[in-house]
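This is structure.txt. It holds compact mmCIF, C-alpha atoms.
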```
# COMPACT_ATOMS: atom_id res chain seq x y z
CA MET A 1 -17.58 56.06 179.91
CA ARG A 2 -20.92 54.81 181.17
CA GLN A 3 -23.45 54.09 178.50
CA GLN A 4 -27.23 54.26 178.62
CA VAL A 5 -29.18 52.33 176.04
CA MET A 6 -32.92 52.74 175.65
CA ILE A 7 -34.96 50.31 173.59
CA GLY A 8 -38.64 50.83 172.82
CA TYR A 9 -40.93 48.30 171.23
CA GLY A 10 -44.37 47.96 169.69
CA ASN A 11 -45.65 46.16 166.62
CA ASP A 12 -48.35 48.63 165.68
CA ILE A 13 -46.80 52.02 166.26
CA ASP A 14 -46.87 54.69 163.59
CA GLU A 15 -44.19 57.13 162.47
CA GLU A 16 -45.26 59.94 164.79
CA GLU A 17 -45.26 57.63 167.82
CA LYS A 18 -41.85 56.35 166.78
CA SER A 19 -40.34 59.82 166.46
CA THR A 20 -41.99 60.93 169.73
CA PHE A 21 -40.33 58.06 171.57
CA ILE A 22 -36.94 58.78 170.04
CA ASP A 23 -37.12 62.53 170.72
CA LEU A 24 -38.38 61.97 174.25
CA THR A 25 -35.65 59.55 175.20
CA ARG A 26 -32.95 61.59 173.48
CA LYS A 27 -33.79 64.37 175.90
CA HIS A 28 -31.81 62.37 178.40
CA LEU A 29 -28.70 63.19 176.41
CA GLY A 30 -27.09 66.36 177.73
CA GLU A 31 -30.21 67.80 179.34
CA ALA A 32 -30.59 64.98 181.85
CA ASP A 33 -27.90 66.00 184.29
CA ILE A 34 -30.62 66.58 186.88
CA VAL A 35 -32.37 63.26 186.35
CA HIS A 36 -29.51 60.92 185.56
CA PRO A 37 -26.25 62.64 186.58
CA ASP A 38 -24.13 59.64 185.63
CA PHE A 39 -25.63 59.09 182.23
CA ASP A 40 -25.55 62.44 180.53
CA LYS A 41 -22.56 61.80 178.24
CA GLN A 42 -23.79 59.03 176.02
CA VAL A 43 -27.26 57.74 175.27
CA ASP A 44 -28.25 55.42 172.45
CA VAL A 45 -31.92 55.08 171.54
CA TYR A 46 -33.45 52.26 169.52
CA LEU A 47 -36.97 51.26 168.66
CA THR A 48 -38.10 47.92 167.35
CA THR A 49 -41.35 47.10 165.60
CA CYS A 50 -40.43 43.66 164.24
CA SER A 51 -37.83 40.88 164.52
CA GLN A 52 -35.72 42.39 161.72
CA ASP A 53 -35.43 45.62 163.73
CA SER A 54 -34.43 43.63 166.79
CA GLU A 55 -31.66 41.88 164.88
CA ALA A 56 -30.30 45.22 163.68
CA ILE A 57 -30.41 46.56 167.26
CA CYS A 58 -28.50 43.51 168.50
CA GLU A 59 -25.82 44.13 165.89
CA ALA A 60 -25.54 47.79 166.90
CA PHE A 61 -25.53 46.83 170.56
CA LYS A 62 -22.52 44.54 170.16
CA LYS A 63 -20.21 47.55 170.13
CA HIS A 64 -21.15 48.22 173.75
CA VAL A 65 -20.43 44.76 175.15
CA MET B 1 -75.40 68.49 182.09
CA LYS B 2 -71.86 67.72 180.96
CA ASN B 3 -69.78 65.08 182.70
CA ILE B 4 -66.25 66.16 183.58
CA CYS B 5 -63.70 63.55 184.64
CA PHE B 6 -60.64 64.79 186.48
CA ILE B 7 -57.67 62.46 186.74
CA ASN B 8 -55.21 63.28 189.48
CA GLY B 9 -51.95 61.71 188.30
CA SER B 10 -49.92 62.53 191.39
CA LEU B 11 -49.17 60.05 194.16
CA ARG B 12 -48.39 62.76 196.71
CA GLY B 13 -51.94 62.85 198.07
CA LYS B 14 -52.97 66.07 199.78
CA LYS B 15 -49.45 67.49 199.44
CA ALA B 16 -49.54 67.34 195.65
CA SER B 17 -49.19 70.52 193.65
CA SER B 18 -51.35 68.81 191.03
CA LEU B 19 -54.22 68.66 193.52
CA VAL B 20 -53.98 72.43 194.03
CA PHE B 21 -54.40 73.01 190.30
CA LEU B 22 -57.15 70.41 190.04
CA ASN B 23 -59.15 72.00 192.86
CA CYS B 24 -58.69 75.42 191.31
CA ILE B 25 -60.15 74.31 187.97
CA SER B 26 -62.89 72.28 189.66
CA SER B 27 -63.99 75.33 191.66
CA MET B 28 -64.53 77.21 188.39
CA LEU B 29 -67.04 74.65 187.12
CA ALA B 30 -70.57 75.58 188.16
CA GLU B 31 -72.36 72.67 189.81
CA ALA B 32 -75.54 73.40 187.88
CA GLU B 33 -73.73 72.95 184.57
CA PHE B 34 -71.25 70.19 185.19
CA ASN B 35 -71.17 66.85 186.93
CA THR B 36 -67.60 66.17 188.07
CA ASP B 37 -65.79 62.97 189.01
CA ILE B 38 -62.26 62.81 190.37
CA ILE B 39 -60.12 59.74 189.83
CA ASN B 40 -56.86 59.34 191.74
CA VAL B 41 -54.12 57.10 190.44
CA ARG B 42 -52.88 54.51 192.90
CA VAL B 43 -49.47 53.18 193.79
CA LYS B 44 -48.45 49.60 193.02
CA ALA B 45 -51.48 48.86 190.86
CA LYS B 46 -51.02 45.10 190.59
CA GLU B 47 -54.63 44.63 189.59
CA ARG B 48 -56.30 46.42 186.75
CA TYR B 49 -58.42 49.48 187.47
CA SER B 50 -62.08 48.56 187.93
CA GLU B 51 -64.46 48.52 184.98
CA GLU B 52 -66.68 50.98 186.82
CA LEU B 53 -63.84 53.48 187.07
CA LEU B 54 -62.83 53.04 183.44
CA LYS B 55 -66.49 53.43 182.45
CA THR B 56 -66.54 56.79 184.23
CA ILE B 57 -63.67 57.98 182.04
CA SER B 58 -65.18 56.55 178.87
CA HIS B 59 -68.52 58.32 179.41
CA ALA B 60 -67.03 61.72 180.20
CA ASP B 61 -67.66 64.69 177.94
CA ALA B 62 -64.33 66.15 179.01
CA ILE B 63 -61.27 64.53 180.58
CA ILE B 64 -58.88 66.78 182.47
CA MET B 65 -55.64 65.11 183.50
CA VAL B 66 -53.57 66.93 186.10
CA TYR B 67 -50.15 65.53 186.92
CA PRO B 68 -46.45 66.23 187.44
CA LEU B 69 -43.84 65.76 184.72
CA PHE B 70 -41.80 62.64 185.34
CA THR B 71 -38.48 62.28 183.47
CA TYR B 72 -39.90 64.34 180.61
CA GLY B 73 -42.94 62.06 180.39
CA ILE B 74 -45.99 60.68 182.16
CA PRO B 75 -45.71 59.34 185.75
CA GLY B 76 -45.75 55.53 185.81
CA SER B 77 -48.88 55.40 187.93
CA LEU B 78 -50.82 57.46 185.41
CA MET B 79 -49.33 55.47 182.55
CA ARG B 80 -50.83 52.32 184.11
CA LEU B 81 -54.27 53.90 184.27
CA LEU B 82 -54.04 55.06 180.64
CA GLU B 83 -52.93 51.59 179.54
CA ASP B 84 -55.93 50.04 181.29
CA PHE B 85 -58.22 52.66 179.81
CA TYR B 86 -56.77 52.06 176.34
CA LEU B 87 -57.48 48.32 176.57
CA TYR B 88 -60.97 49.02 177.92
CA ALA B 89 -61.95 51.71 175.45
CA LYS B 90 -60.36 50.25 172.32
CA GLY B 91 -63.18 49.09 170.10
CA LYS B 92 -65.83 49.96 172.67
CA ASP B 93 -68.55 52.52 172.57
CA ASN B 94 -66.68 55.17 174.54
CA ASN B 95 -67.37 58.85 174.07
CA LYS B 96 -65.08 59.58 171.14
CA ALA B 97 -66.06 63.23 171.24
CA ALA B 98 -64.61 63.57 174.73
CA MET B 99 -62.48 66.67 174.99
CA VAL B 100 -59.05 66.02 176.49
CA TYR B 101 -56.92 68.54 178.40
CA ILE B 102 -53.71 68.10 180.35
CA VAL B 103 -52.48 70.34 183.15
CA VAL B 104 -48.87 69.50 183.91
CA ASN B 105 -46.37 70.96 186.35
CA CYS B 106 -42.65 70.45 186.67
CA GLY B 107 -39.72 71.67 188.76
CA PHE B 108 -37.75 72.91 185.76
CA PRO B 109 -37.66 76.68 185.19
CA ARG B 110 -38.86 76.50 181.56
CA PRO B 111 -42.26 74.93 180.76
CA GLU B 112 -41.31 74.32 177.12
CA ILE B 113 -39.40 71.25 178.31
CA MET B 114 -42.79 69.48 178.26
CA GLY B 115 -43.03 69.54 174.45
CA GLU B 116 -42.54 65.80 173.98
CA LEU B 117 -45.01 65.03 176.74
CA ILE B 118 -47.68 66.89 174.79
CA ARG B 119 -46.85 64.78 171.74
CA VAL B 120 -47.27 61.61 173.81
CA MET B 121 -50.73 62.72 174.91
CA LYS B 122 -51.71 63.71 171.39
CA ASN B 123 -50.67 60.25 170.19
CA PHE B 124 -52.79 58.68 172.92
CA CYS B 125 -55.84 60.71 171.89
CA ARG B 126 -55.29 59.90 168.22
CA ARG B 127 -55.23 56.19 169.01
CA LEU B 128 -58.60 56.32 170.76
CA LEU B 129 -60.04 58.99 168.46
CA LEU B 130 -60.47 61.29 171.44
CA ASN B 131 -60.78 65.03 170.93
CA TRP B 132 -57.42 66.49 171.96
CA ARG B 133 -57.86 70.13 172.96
CA PHE B 134 -54.80 71.73 174.57
CA ALA B 135 -52.23 71.57 177.34
CA ILE B 136 -51.39 73.86 180.22
CA CYS B 137 -47.72 73.43 181.13
CA MET B 138 -46.46 75.12 184.28
CA SER B 139 -42.89 75.21 185.49
CA GLY B 140 -41.63 76.08 188.94
CA GLY B 141 -43.36 73.23 190.79
CA PRO B 142 -44.29 74.29 194.34
CA VAL B 143 -43.76 77.96 193.45
CA ALA B 144 -46.51 77.65 190.85
CA ALA B 145 -48.78 75.90 193.35
CA MET B 146 -48.31 78.76 195.82
CA THR B 147 -48.76 81.43 193.16
CA VAL B 148 -52.01 80.01 191.84
CA LYS B 149 -53.68 80.74 195.18
CA THR B 150 -52.32 84.27 195.42
CA PRO B 151 -54.56 87.07 194.10
CA LEU B 152 -52.97 89.40 191.52
CA LEU B 153 -50.03 87.03 191.06
CA ASN B 154 -52.17 84.25 189.64
CA ILE B 155 -53.56 86.04 186.57
CA GLU B 156 -51.81 83.81 184.01
CA TYR B 157 -52.95 80.65 185.76
CA LYS B 158 -56.55 81.85 186.07
CA LYS B 159 -56.57 82.82 182.42
CA ALA B 160 -55.40 79.36 181.35
CA PHE B 161 -57.79 77.51 183.65
CA SER B 162 -60.68 79.71 182.51
CA ALA B 163 -59.82 78.75 178.94
CA ILE B 164 -60.50 75.10 179.78
CA VAL B 165 -63.85 75.94 181.39
CA ALA B 166 -64.91 78.14 178.46
CA ASP B 167 -63.77 75.54 175.93
CA ILE B 168 -65.89 72.84 177.57
CA ARG B 169 -68.86 75.13 178.07
CA HIS B 170 -68.95 76.22 174.43
CA GLY B 171 -67.91 72.87 172.99
CA ASP B 172 -65.30 74.58 170.86
CA THR B 173 -63.86 72.65 167.95
CA MET B 174 -61.20 75.04 166.64
CA GLN B 175 -57.72 73.92 167.68
CA LYS B 176 -56.16 76.13 170.34
CA ASP B 177 -52.60 76.86 171.38
CA ASP B 178 -51.06 75.28 174.44
CA TYR B 179 -50.31 77.44 177.49
CA PHE B 180 -46.76 77.61 178.84
CA ILE B 181 -46.60 79.42 182.17
CA LYS B 182 -43.32 80.35 183.83
CA PRO B 183 -43.06 80.90 187.58
CA ILE B 184 -43.19 84.42 188.91
CA ILE B 185 -39.65 84.01 190.27
CA PRO B 186 -37.07 84.72 187.51
CA GLU B 187 -35.12 81.73 186.16
CA PRO B 188 -31.67 82.79 187.50
CA ILE B 189 -33.07 83.00 191.03
CA MET B 190 -34.81 79.62 190.61
CA LEU B 191 -31.52 78.06 189.54
CA TRP B 192 -29.69 79.75 192.39
CA ILE B 193 -32.19 78.37 194.93
CA LYS B 194 -31.89 74.91 193.36
CA SER B 195 -28.11 74.92 193.57
CA ALA B 196 -28.20 76.18 197.14
CA VAL B 197 -30.47 73.37 198.41
```

Structure encoded using structure tokens:
Amino acid sequence: MRQQVMIGYGNDIDEEEKSTFIDLTRKHLGEADIVHPDFDKQVDVYLTTCSQDSEAICEAFKKHV
Amino acid sequence: MKNICFINGSLRGKKASSLVFLNCISSMLAEAEFNTDIINVRVKAKERYSEELLKTISHADAIIMVYPLFTYGIPGSLMRLLEDFYLYAKGKDNNKAAMVYIVVNCGFPRPEIMGELIRVMKNFCRRLLLNWRFAICMSGGPVAAMTVKTPLLNIEYKKAFSAIVADIRHGDTMQKDDYFIKPIIPEPIMLWIKSAV
């Protein structure tokens, strides 16, 4: 199965901006058959605001590689 | 006299549906009341937008952005302009009372798909302390652009565009609902046409 991983970043974003990014990118899951026909089965979305977040994302990402 | 800044976020030039909507709203603004500027986004913007152009946006009493939906969000070319404007206006003496409207069109049959896009624009306004007003979201793409010029069929569009003009004219402060306008062609037929192409 092909996997699409989206990672956002920003060190000064607030909670609403964070949830907007996650909701927006999650739209590509299931509803995106028009935009990304090959990637509609599985989408992972992450957002990092600091190095600790990035480390956690790397750990989660290891399952894909 | 109030300064109105239109931003055309489409790269399709004269063929753009966005330009049709922009011209329609612009034609409703009386020249004696409003001074209008139109800014077009550009392709491959390697250099930053000029300070003069960004100053035009920052001094506007109302900013009306007209653009197509792009993968549920803002087109990259418009994003670049907004990034430049953010860096320019952040901490500067821009018009923080500027009223902000977006007029967005998409090829999907249901305009509600633009919900997250509205949140993105609200976040942008909150960052710069701009006065977010409301959105007009239109589905159906070219069908909407054709309908808006057709008497009797364009009532919903005219009503929404008039709401922007009235809002600016009266300087309203009460928060208003967004407009979601479906194309005149029913969704099953739209989907049938799409699958047939």

Using all atoms listed in the file, find the residues of chain A whose closest atom to chain B is at most 8 Å away, then write them as a PDB file with C-alpha atoms, in the coordinates of the input.
```pdb
ATOM      1  CA  GLU A  16     -45.260  59.940 164.790  1.00  0.00           C
ATOM      2  CA  GLU A  17     -45.260  57.630 167.820  1.00  0.00           C
ATOM      3  CA  THR A  20     -41.990  60.930 169.730  1.00  0.00           C
ATOM      4  CA  ASP A  23     -37.120  62.530 170.720  1.00  0.00           C
ATOM      5  CA  LEU A  24     -38.380  61.970 174.250  1.00  0.00           C
ATOM      6  CA  LYS A  27     -33.790  64.370 175.900  1.00  0.00           C
ATOM      7  CA  VAL A  35     -32.370  63.260 186.350  1.00  0.00           C
TER       8      VAL A  35
END
```

Separating atom CA of A:Gly8 from atom CA of B:Lys44, to the nearest tenth of an Å, is a gap of 22.5 Å

Tell me which protein, DNA and RNA residues are within 7 Å of stretch 154-165 of chain B, counting all atoms listed in the file, leaving out same-chain ones fewer than 6 positions away, and put them as a list in words.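 Counting all atoms listed in the file, the residues come to Ile25, Leu29, Ile136, Thr147, Val148 and Tyr179 of chain B.
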
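Minimum atom-to-atom distance to A:Asp14, evaluated using only C-alpha atoms, belongs to B:Arg126 out of B:Asp61, B:Gly141, B:Arg126, B:Met1.
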
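Among B:Gly13, B:Gly91, B:Pro68, B:Pro111, the residue with the shortest atom-to-atom distance to B:Pro183, counting only C-alpha atoms, is B:Pro111.
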